Structure formats: structure tokens, C-alpha cells
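A quick write-up on the structure given underneath.
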Amino acid sequence: MNAQPAGAQPAPRVTAIVAAAGRGTRLGAPLPKAFVDLGGSTLLARSVATLEASGVVDEIIVMVSADMESLARSVVSGADVRFVHGGAERADSIYNGLRAIPADDGVVLIHDAARCLTPPEMIARVAGAVMGGEVAAVPVVAVADTIKEVEEGAVVSTPSRARLRAVQTPQAFDLRALRRANEAYFDSRPDFAATDDASLMEWFGARVATVEGDPLAFKITTPLDMRLAQALIHVR
């Protein structure tokens with residue numbers, strides 16, 4: 001929770017929305033990805049715990065499908081969270097979560113449950129960028145591979161790797177600005193698919209700042225990712 005010295009300006013309230021309503025079929029697990037066990041704790045429980053450990057989050061909202069809410073409550077039973085049902089797509093789920101926040105102003109973090117090894121200090125770092133005045137901020141890491149742009153099975157360009165970054169979560173936003181961007185997006189239904197919340201803010205015309213990410217904030221998507229995560233929790 002945010003703590004301020006006497007006489008200081010109150011810190012903005014920070015709400016974290018955890019996306020845990022997806023099925024995660026590429027992992028090949030019998031349960032939705034957020035509920036898969038990793039070293040005795042689910043990905044969802046680990047993500048909630050690391051948000052709490054960051055020291056900057058005032059409220060956590062977990063986006064979950066209606067049929068998984070009972071299980072979600074059981075795996076995070078010791079945490080102070082609210083549950084909101086997700087929508088048909090990830091963007092719909094996040095919009096539902098934003099509308100569930102009673103405040104008009106503040107900072108909102110959007111986090112993938114599948115990035116459950118994200119260090120708490122990275123969470124504080126990205127939240128701090130928006131608390132310090134940025135409208136939006138995302139954690140990024142350098143790209144190791146050469147990236148090719150491909151059309152119809154052939155390479156059409158090779159972007160400079162020096163300018164490329166891989167984006168992680170949580171992504172941090174001014175609550176009012178992200179709500180406005182979502183309202184504009186869902187009102188106009190443009191021929192544009194927001195692959196993350198930062199891309200939605202870019203479409204809306206907002207500046208998106210970057211902060212240093214962390215290799216541990218990788219997304220568990222495939223069985224290989226899960227094996228890496230299992231190895232890491234045994235050496236940390």
C-alpha cells in the first residue's frame with residue numbers, strides 16, 4: 001500500500017487488473033493457464049502475491065471467466081482481491097475491469113497472470129513512472145534476435161534491432177486516460193486490433209514511456225516456458 005510522509009501530497013491510488021480469463025491453449029494444460037500449478041502455487045496466485053509484494057498496489061482486481069470464479073477464489077483465498085468476469089476477448093475483459101474501478105482518477109496496472117515471476121521492484125518501477133506524471137508506461141527489454149517483416153512468405157524488411165524492444169507487463173496508465181481510450185475504441189470499433197493496452201493508448205494518441213523491464217517477467221505460454229519457470233523457481 002502507498003505510504004506518504006506527513007504533509008506530503010497524497011499518492012494516487014493504484015489499482016492492478018490481472019488478466020486471468022483466457023484459456024491459454026498453447027500451454028496444453030487441462031486447466032486455463034492461470035490455474036496451472038508452478039511449484040505448489042498457481043500462476044494466478046503467484047501474480048497476485050508479487051503485486052502485493054511491490055508495496056505500491058492498493059487494490060487488485062482479477063479478471064476471470066464466470067465458470068472459473070470459484071476456483072479463482074480458492075487459489076487466492078489469502079489475498080485481498082475482487083473478481084470481475086471477463087469478456088469475449090482480452091480487450092473486453094480489461095474494459096470490464098476498468099469500469100469496475102469506483103474511482104475517477106488514479107493509476108491502473110494491467111498485468112498478465114502468465115507473467116507470474118515478475119519481480120516486485122519492476123512493478124514498483126513501472127507504476128512509479130505514471131505516479132511521477134507519465135500518462136502511460138511499459139517495461140521493456142532489448143530484443144536479442146534479428147526481426148524480419150514478412151509478407152506472403154517473403155521478407156520485406158529488417159527493422160533495426162537497436163530500436164526494437166520486447167514489451168512486458170504490468171503496463172501502467174493514468175486511469176482516466178485509459179478509460180477514455182477504451183471508450184473511444186469501443187465506440188468507434190476501428191479496423192485495428194489492440195494487441196496490448198499500450199497499443200491502444202498509442203492509437204489514442206498518447207505518449208507511452210518506457211522503463212527497464214526484467215528477464216524474469218517473461219510470459220508463460222508454451223510447455224518450454226513452463227519448464228524454464230520450473231527451473232527458475234528452484235534456483236531463486
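Here's how to read the names in the C-alpha cells: chain A, B, ... by the order shown, residue numbers from 1 in each chain, ligand numbers from 1 in the order shown.
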- [ ] Would you list the contacts of A:Ala72 as a ChimeraX atom specification, taking every protein, DNA or RNA residue within 9 Å and counting only C-alpha atoms, but skipping same-chain residues closer than 3 positions in sequence?
- [x] /A:34-35,44-45,62,64,68-69,75-77,83
Next, write the just-selected residues to a file, as a PDB file, in the first residue's frame, keeping N, CA, C and O atoms as the atom set.
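Dumped to selection-v9.pdb:
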```pdb
ATOM      1  N   ALA A  34      -3.963 -19.705 -16.073  1.00  0.00           N
ATOM      2  CA  ALA A  34      -3.793 -19.009 -14.806  1.00  0.00           C
ATOM      3  C   ALA A  34      -3.893 -19.943 -13.601  1.00  0.00           C
ATOM      4  O   ALA A  34      -3.414 -19.622 -12.515  1.00  0.00           O
ATOM      5  N   PHE A  35      -4.498 -21.121 -13.805  1.00  0.00           N
ATOM      6  CA  PHE A  35      -4.735 -22.046 -12.699  1.00  0.00           C
ATOM      7  C   PHE A  35      -3.793 -23.246 -12.721  1.00  0.00           C
ATOM      8  O   PHE A  35      -3.951 -24.181 -11.929  1.00  0.00           O
ATOM      9  N   LEU A  44      -1.753 -17.660 -11.177  1.00  0.00           N
ATOM     10  CA  LEU A  44      -2.562 -16.546 -10.687  1.00  0.00           C
ATOM     11  C   LEU A  44      -2.160 -16.158  -9.269  1.00  0.00           C
ATOM     12  O   LEU A  44      -1.960 -14.965  -8.971  1.00  0.00           O
ATOM     13  N   ALA A  45      -2.025 -17.125  -8.390  1.00  0.00           N
ATOM     14  CA  ALA A  45      -1.668 -16.830  -7.006  1.00  0.00           C
ATOM     15  C   ALA A  45      -0.299 -16.168  -6.927  1.00  0.00           C
ATOM     16  O   ALA A  45      -0.080 -15.234  -6.141  1.00  0.00           O
ATOM     17  N   VAL A  62      -9.120  -9.208 -10.222  1.00  0.00           N
ATOM     18  CA  VAL A  62      -8.784 -10.361 -11.053  1.00  0.00           C
ATOM     19  C   VAL A  62      -9.898 -10.573 -12.063  1.00  0.00           C
ATOM     20  O   VAL A  62     -11.063 -10.738 -11.698  1.00  0.00           O
ATOM     21  N   VAL A  64     -11.708 -12.909 -14.495  1.00  0.00           N
ATOM     22  CA  VAL A  64     -11.828 -14.360 -14.554  1.00  0.00           C
ATOM     23  C   VAL A  64     -13.137 -14.723 -15.249  1.00  0.00           C
ATOM     24  O   VAL A  64     -14.113 -13.975 -15.188  1.00  0.00           O
ATOM     25  N   MET A  68     -14.902 -20.108 -13.773  1.00  0.00           N
ATOM     26  CA  MET A  68     -13.670 -20.347 -13.018  1.00  0.00           C
ATOM     27  C   MET A  68     -13.587 -19.490 -11.754  1.00  0.00           C
ATOM     28  O   MET A  68     -12.598 -19.560 -11.035  1.00  0.00           O
ATOM     29  N   GLU A  69     -14.627 -18.715 -11.471  1.00  0.00           N
ATOM     30  CA  GLU A  69     -14.541 -17.812 -10.327  1.00  0.00           C
ATOM     31  C   GLU A  69     -14.376 -18.563  -9.007  1.00  0.00           C
ATOM     32  O   GLU A  69     -13.584 -18.158  -8.140  1.00  0.00           O
ATOM     33  N   VAL A  75      -7.826 -20.261  -4.891  1.00  0.00           N
ATOM     34  CA  VAL A  75      -6.359 -20.235  -5.039  1.00  0.00           C
ATOM     35  C   VAL A  75      -5.741 -18.938  -4.537  1.00  0.00           C
ATOM     36  O   VAL A  75      -4.542 -18.879  -4.285  1.00  0.00           O
ATOM     37  N   VAL A  76      -6.550 -17.886  -4.383  1.00  0.00           N
ATOM     38  CA  VAL A  76      -6.032 -16.628  -3.827  1.00  0.00           C
ATOM     39  C   VAL A  76      -6.791 -16.269  -2.552  1.00  0.00           C
ATOM     40  O   VAL A  76      -6.994 -15.093  -2.249  1.00  0.00           O
ATOM     41  N   SER A  77      -7.175 -17.281  -1.799  1.00  0.00           N
ATOM     42  CA  SER A  77      -8.040 -17.083  -0.632  1.00  0.00           C
ATOM     43  C   SER A  77      -7.403 -16.191   0.434  1.00  0.00           C
ATOM     44  O   SER A  77      -8.102 -15.551   1.217  1.00  0.00           O
ATOM     45  N   PHE A  83     -13.143  -9.916  -7.789  1.00  0.00           N
ATOM     46  CA  PHE A  83     -13.242 -10.690  -9.011  1.00  0.00           C
ATOM     47  C   PHE A  83     -14.286 -10.062  -9.931  1.00  0.00           C
ATOM     48  O   PHE A  83     -15.385  -9.715  -9.499  1.00  0.00           O
TER      49      PHE A  83
END
```
Just asking: which residues within stretch 35-189 of chain A are strand (DSSP E) according to DSSP, as number ranges by chain? A: 37-38, 41-42, 59-64, 81-85, 107-112, 136-142, 149-151, 154-157, 165-167, 171-174
Taking only C-alpha atoms into account, name the residue in A:Leu109, A:Ala114, A:Leu232, A:Val135 that is nearest to A:Ala21.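 Using only C-alpha atoms, A:Ala21 sits closest to A:Ala114.
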Can you write out as JSON lines which residues of stretch 52-128 of chain A fall within 12 Å of stretch 179-185 of chain A, alongside each residue's closest atom pair and its distance in Å to one decimal, counting only C-alpha atoms and ordering rows by chain and ascending residue number?
```
{"residue": "A:Ala91", "atom": "CA", "partner": "A:Asn182", "partner_atom": "CA", "distance": 8.6}
{"residue": "A:Asp92", "atom": "CA", "partner": "A:Asn182", "partner_atom": "CA", "distance": 9.3}
{"residue": "A:Ser93", "atom": "CA", "partner": "A:Asn182", "partner_atom": "CA", "distance": 11.3}
{"residue": "A:Ile94", "atom": "CA", "partner": "A:Asn182", "partner_atom": "CA", "distance": 9.0}
{"residue": "A:Tyr95", "atom": "CA", "partner": "A:Asn182", "partner_atom": "CA", "distance": 6.6}
{"residue": "A:Asn96", "atom": "CA", "partner": "A:Asn182", "partner_atom": "CA", "distance": 10.2}
{"residue": "A:Gly97", "atom": "CA", "partner": "A:Arg179", "partner_atom": "CA", "distance": 10.2}
{"residue": "A:Leu98", "atom": "CA", "partner": "A:Arg179", "partner_atom": "CA", "distance": 6.7}
{"residue": "A:Arg99", "atom": "CA", "partner": "A:Arg179", "partner_atom": "CA", "distance": 8.0}
{"residue": "A:Ala100", "atom": "CA", "partner": "A:Arg179", "partner_atom": "CA", "distance": 11.1}
{"residue": "A:Ile101", "atom": "CA", "partner": "A:Arg179", "partner_atom": "CA", "distance": 10.3}
{"residue": "A:Ala103", "atom": "CA", "partner": "A:Arg179", "partner_atom": "CA", "distance": 11.4}
{"residue": "A:Asp104", "atom": "CA", "partner": "A:Arg179", "partner_atom": "CA", "distance": 9.3}
{"residue": "A:Asp105", "atom": "CA", "partner": "A:Arg179", "partner_atom": "CA", "distance": 10.0}
{"residue": "A:Gly106", "atom": "CA", "partner": "A:Arg179", "partner_atom": "CA", "distance": 11.2}
{"residue": "A:Val107", "atom": "CA", "partner": "A:Arg179", "partner_atom": "CA", "distance": 11.2}
{"residue": "A:Val108", "atom": "CA", "partner": "A:Arg179", "partner_atom": "CA", "distance": 10.0}
```
Task: A:Phe173 environment, 12 Å, only C-alpha atoms, sequence neighbours closer than 4 positions dropped, as a PyMOL selection string - done: chain A and resi 12-17+98+105-111+126-138+169+177-181+197-198+200-202+206-210
Would you mind exporting C-alpha atoms of the selected residues as an mmCIF file, in the first residue's frame?
```cif
data_model
loop_
_atom_site.group_PDB
_atom_site.id
_atom_site.type_symbol
_atom_site.label_atom_id
_atom_site.label_comp_id
_atom_site.auth_asym_id
_atom_site.auth_seq_id
_atom_site.Cartn_x
_atom_site.Cartn_y
_atom_site.Cartn_z
ATOM 1 C CA PRO A 12 -2.572 8.426 -6.421
ATOM 2 C CA ARG A 13 -4.444 5.213 -5.686
ATOM 3 C CA VAL A 14 -3.013 2.277 -7.625
ATOM 4 C CA THR A 15 -5.319 -0.481 -8.857
ATOM 5 C CA ALA A 16 -3.958 -3.609 -10.528
ATOM 6 C CA ILE A 17 -6.071 -5.558 -13.005
ATOM 7 C CA LEU A 98 -11.749 -0.555 -15.776
ATOM 8 C CA ASP A 105 -8.646 9.164 -11.051
ATOM 9 C CA GLY A 106 -5.601 7.148 -10.127
ATOM 10 C CA VAL A 107 -3.099 4.740 -11.619
ATOM 11 C CA VAL A 108 -4.041 1.387 -13.102
ATOM 12 C CA LEU A 109 -1.683 -1.510 -13.758
ATOM 13 C CA ILE A 110 -2.648 -4.141 -16.334
ATOM 14 C CA HIS A 111 -0.866 -7.420 -15.676
ATOM 15 C CA VAL A 126 6.584 0.992 -13.912
ATOM 16 C CA ALA A 127 3.913 2.249 -11.509
ATOM 17 C CA GLY A 128 6.305 4.980 -10.361
ATOM 18 C CA ALA A 129 6.624 6.328 -13.889
ATOM 19 C CA VAL A 130 2.895 7.118 -14.056
ATOM 20 C CA MET A 131 2.770 8.256 -10.438
ATOM 21 C CA GLY A 132 5.510 10.664 -11.474
ATOM 22 C CA GLY A 133 3.482 12.206 -14.310
ATOM 23 C CA GLU A 134 3.583 9.923 -17.359
ATOM 24 C CA VAL A 135 0.228 9.047 -18.941
ATOM 25 C CA ALA A 136 1.387 5.542 -19.814
ATOM 26 C CA ALA A 137 4.488 3.463 -19.152
ATOM 27 C CA VAL A 138 5.574 -0.033 -20.151
ATOM 28 C CA THR A 169 3.598 -6.369 -18.060
ATOM 29 C CA ALA A 177 -6.792 8.411 -19.841
ATOM 30 C CA LEU A 178 -7.019 4.638 -20.286
ATOM 31 C CA ARG A 179 -10.769 4.745 -19.722
ATOM 32 C CA ARG A 180 -11.133 7.431 -22.394
ATOM 33 C CA ALA A 181 -9.029 5.416 -24.833
ATOM 34 C CA ASP A 197 -3.145 -1.766 -23.665
ATOM 35 C CA ALA A 198 -0.135 0.299 -24.678
ATOM 36 C CA LEU A 200 -4.498 1.124 -27.577
ATOM 37 C CA MET A 201 -3.018 4.232 -25.974
ATOM 38 C CA GLU A 202 -0.745 4.729 -28.984
ATOM 39 C CA ALA A 206 -0.990 9.213 -26.003
ATOM 40 C CA ARG A 207 2.722 9.125 -25.243
ATOM 41 C CA VAL A 208 3.855 5.740 -23.921
ATOM 42 C CA ALA A 209 7.043 5.956 -21.866
ATOM 43 C CA THR A 210 9.350 3.001 -21.281
#
```
>> Need to verify the contact set: stretch 214-228 of chain A, 6 Å, only C-alpha atoms, exclusion of same-chain residues closer than 3 positions in sequence. Can you return it as a list in words?
In response: Arg26, Leu27, Ala114, Arg115, Leu117, Thr118 and Ala231 of chain A
Would you mind exporting the chosen residues as an mmCIF file, in the first residue's frame, restricted to all heavy atoms?
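Output (again.cif):
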```
data_model
loop_
_atom_site.group_PDB
_atom_site.id
_atom_site.type_symbol
_atom_site.label_atom_id
_atom_site.label_comp_id
_atom_site.auth_asym_id
_atom_site.auth_seq_id
_atom_site.Cartn_x
_atom_site.Cartn_y
_atom_site.Cartn_z
ATOM 1 N N ARG A 26 -2.201 -22.946 -25.771
ATOM 2 C CA ARG A 26 -0.870 -23.324 -26.249
ATOM 3 C C ARG A 26 -0.028 -24.002 -25.175
ATOM 4 O O ARG A 26 0.946 -24.688 -25.482
ATOM 5 C CB ARG A 26 -0.136 -22.096 -26.794
ATOM 6 C CG ARG A 26 -0.603 -21.650 -28.171
ATOM 7 C CD ARG A 26 0.138 -20.414 -28.639
ATOM 8 N NE ARG A 26 -0.292 -19.228 -27.896
ATOM 9 C CZ ARG A 26 0.229 -18.024 -28.045
ATOM 10 N NH1 ARG A 26 1.230 -17.839 -28.899
ATOM 11 N NH2 ARG A 26 -0.218 -16.994 -27.344
ATOM 12 N N LEU A 27 -0.416 -23.836 -23.918
ATOM 13 C CA LEU A 27 0.322 -24.500 -22.852
ATOM 14 C C LEU A 27 -0.001 -25.987 -22.800
ATOM 15 O O LEU A 27 0.781 -26.782 -22.273
ATOM 16 C CB LEU A 27 0.006 -23.836 -21.505
ATOM 17 C CG LEU A 27 0.874 -24.228 -20.320
ATOM 18 C CD1 LEU A 27 2.350 -23.919 -20.597
ATOM 19 C CD2 LEU A 27 0.415 -23.515 -19.052
ATOM 20 N N ALA A 114 0.036 -14.785 -16.503
ATOM 21 C CA ALA A 114 1.077 -15.683 -17.008
ATOM 22 C C ALA A 114 2.490 -15.140 -16.812
ATOM 23 O O ALA A 114 3.461 -15.866 -17.006
ATOM 24 C CB ALA A 114 0.851 -15.974 -18.495
ATOM 25 N N ARG A 115 2.631 -13.876 -16.407
ATOM 26 C CA ARG A 115 3.965 -13.313 -16.110
ATOM 27 C C ARG A 115 4.170 -13.337 -14.586
ATOM 28 O O ARG A 115 4.437 -12.325 -13.943
ATOM 29 C CB ARG A 115 4.084 -11.900 -16.675
ATOM 30 C CG ARG A 115 3.989 -11.846 -18.204
ATOM 31 C CD ARG A 115 4.213 -10.444 -18.723
ATOM 32 N NE ARG A 115 3.942 -10.339 -20.144
ATOM 33 C CZ ARG A 115 4.842 -10.521 -21.113
ATOM 34 N NH1 ARG A 115 6.097 -10.818 -20.789
ATOM 35 N NH2 ARG A 115 4.508 -10.408 -22.380
ATOM 36 N N LEU A 117 6.422 -14.532 -12.558
ATOM 37 C CA LEU A 117 7.723 -14.395 -11.913
ATOM 38 C C LEU A 117 8.245 -12.958 -11.971
ATOM 39 O O LEU A 117 9.391 -12.690 -11.631
ATOM 40 C CB LEU A 117 8.741 -15.342 -12.562
ATOM 41 C CG LEU A 117 8.406 -16.836 -12.496
ATOM 42 C CD1 LEU A 117 9.542 -17.670 -13.079
ATOM 43 C CD2 LEU A 117 8.107 -17.281 -11.071
ATOM 44 N N THR A 118 7.400 -12.043 -12.370
ATOM 45 C CA THR A 118 7.780 -10.630 -12.440
ATOM 46 C C THR A 118 8.262 -10.142 -11.071
ATOM 47 O O THR A 118 7.557 -10.297 -10.076
ATOM 48 C CB THR A 118 6.580 -9.779 -12.889
ATOM 49 O OG1 THR A 118 6.152 -10.221 -14.183
ATOM 50 C CG2 THR A 118 6.949 -8.304 -12.954
ATOM 51 N N ALA A 231 12.410 -24.412 -13.574
ATOM 52 C CA ALA A 231 13.832 -24.398 -13.250
ATOM 53 C C ALA A 231 14.196 -23.155 -12.444
ATOM 54 O O ALA A 231 14.965 -23.221 -11.494
ATOM 55 C CB ALA A 231 14.646 -24.457 -14.539
#
```
From atom CA of A:Ser199 to atom CA of A:Ser157 the spacing works out at 21.5 Å
query: Using the chain letters and numbers from this document, which residues of chain A does DSSP assign to helix (DSSP H, G or I), as JSON, numbers by chain?
result: {"A": [25, 26, 27, 33, 34, 35, 43, 44, 45, 46, 47, 48, 49, 50, 51, 52, 53, 66, 67, 68, 69, 70, 71, 72, 73, 74, 75, 90, 91, 92, 93, 94, 95, 96, 97, 98, 99, 120, 121, 122, 123, 124, 125, 126, 127, 128, 129, 130, 131, 161, 162, 163, 175, 176, 177, 178, 179, 180, 181, 182, 183, 184, 185, 186, 187, 188, 197, 198, 199, 200, 201, 202, 203, 204, 215, 216, 217, 223, 224, 225, 226, 227, 228, 229, 230, 231, 232, 233]}
Skip A:Pro120 itself and residues of its chain fewer than 4 positions away, then list as a ChimeraX atom specification all residues within 7 Å of it, counting only C-alpha atoms. /A:50-51,53-54,124
Mind writing the picked residues with N, CA, C and O atoms as a JSON list (two decimals), in the first residue's frame?
```json
[["chain", "number", "residue", "atom", "x", "y", "z"],
["A", 50, "THR", "N", 3.02, -11.25, -6.03],
["A", 50, "THR", "CA", 4.10, -10.33, -6.40],
["A", 50, "THR", "C", 3.58, -8.90, -6.53],
["A", 50, "THR", "O", 4.30, -7.95, -6.25],
["A", 51, "LEU", "N", 2.32, -8.73, -6.92],
["A", 51, "LEU", "CA", 1.73, -7.39, -6.93],
["A", 51, "LEU", "C", 1.62, -6.85, -5.51],
["A", 51, "LEU", "O", 1.94, -5.68, -5.24],
["A", 53, "ALA", "N", 3.50, -7.73, -3.03],
["A", 53, "ALA", "CA", 4.86, -7.53, -2.52],
["A", 53, "ALA", "C", 5.50, -6.26, -3.06],
["A", 53, "ALA", "O", 6.50, -5.78, -2.50],
["A", 54, "SER", "N", 4.96, -5.69, -4.13],
["A", 54, "SER", "CA", 5.56, -4.49, -4.73],
["A", 54, "SER", "C", 5.46, -3.28, -3.80],
["A", 54, "SER", "O", 6.24, -2.33, -3.92],
["A", 124, "ALA", "N", 6.99, -1.85, -9.09],
["A", 124, "ALA", "CA", 7.08, -0.52, -8.48],
["A", 124, "ALA", "C", 7.67, 0.49, -9.46],
["A", 124, "ALA", "O", 7.27, 1.66, -9.49]]
```
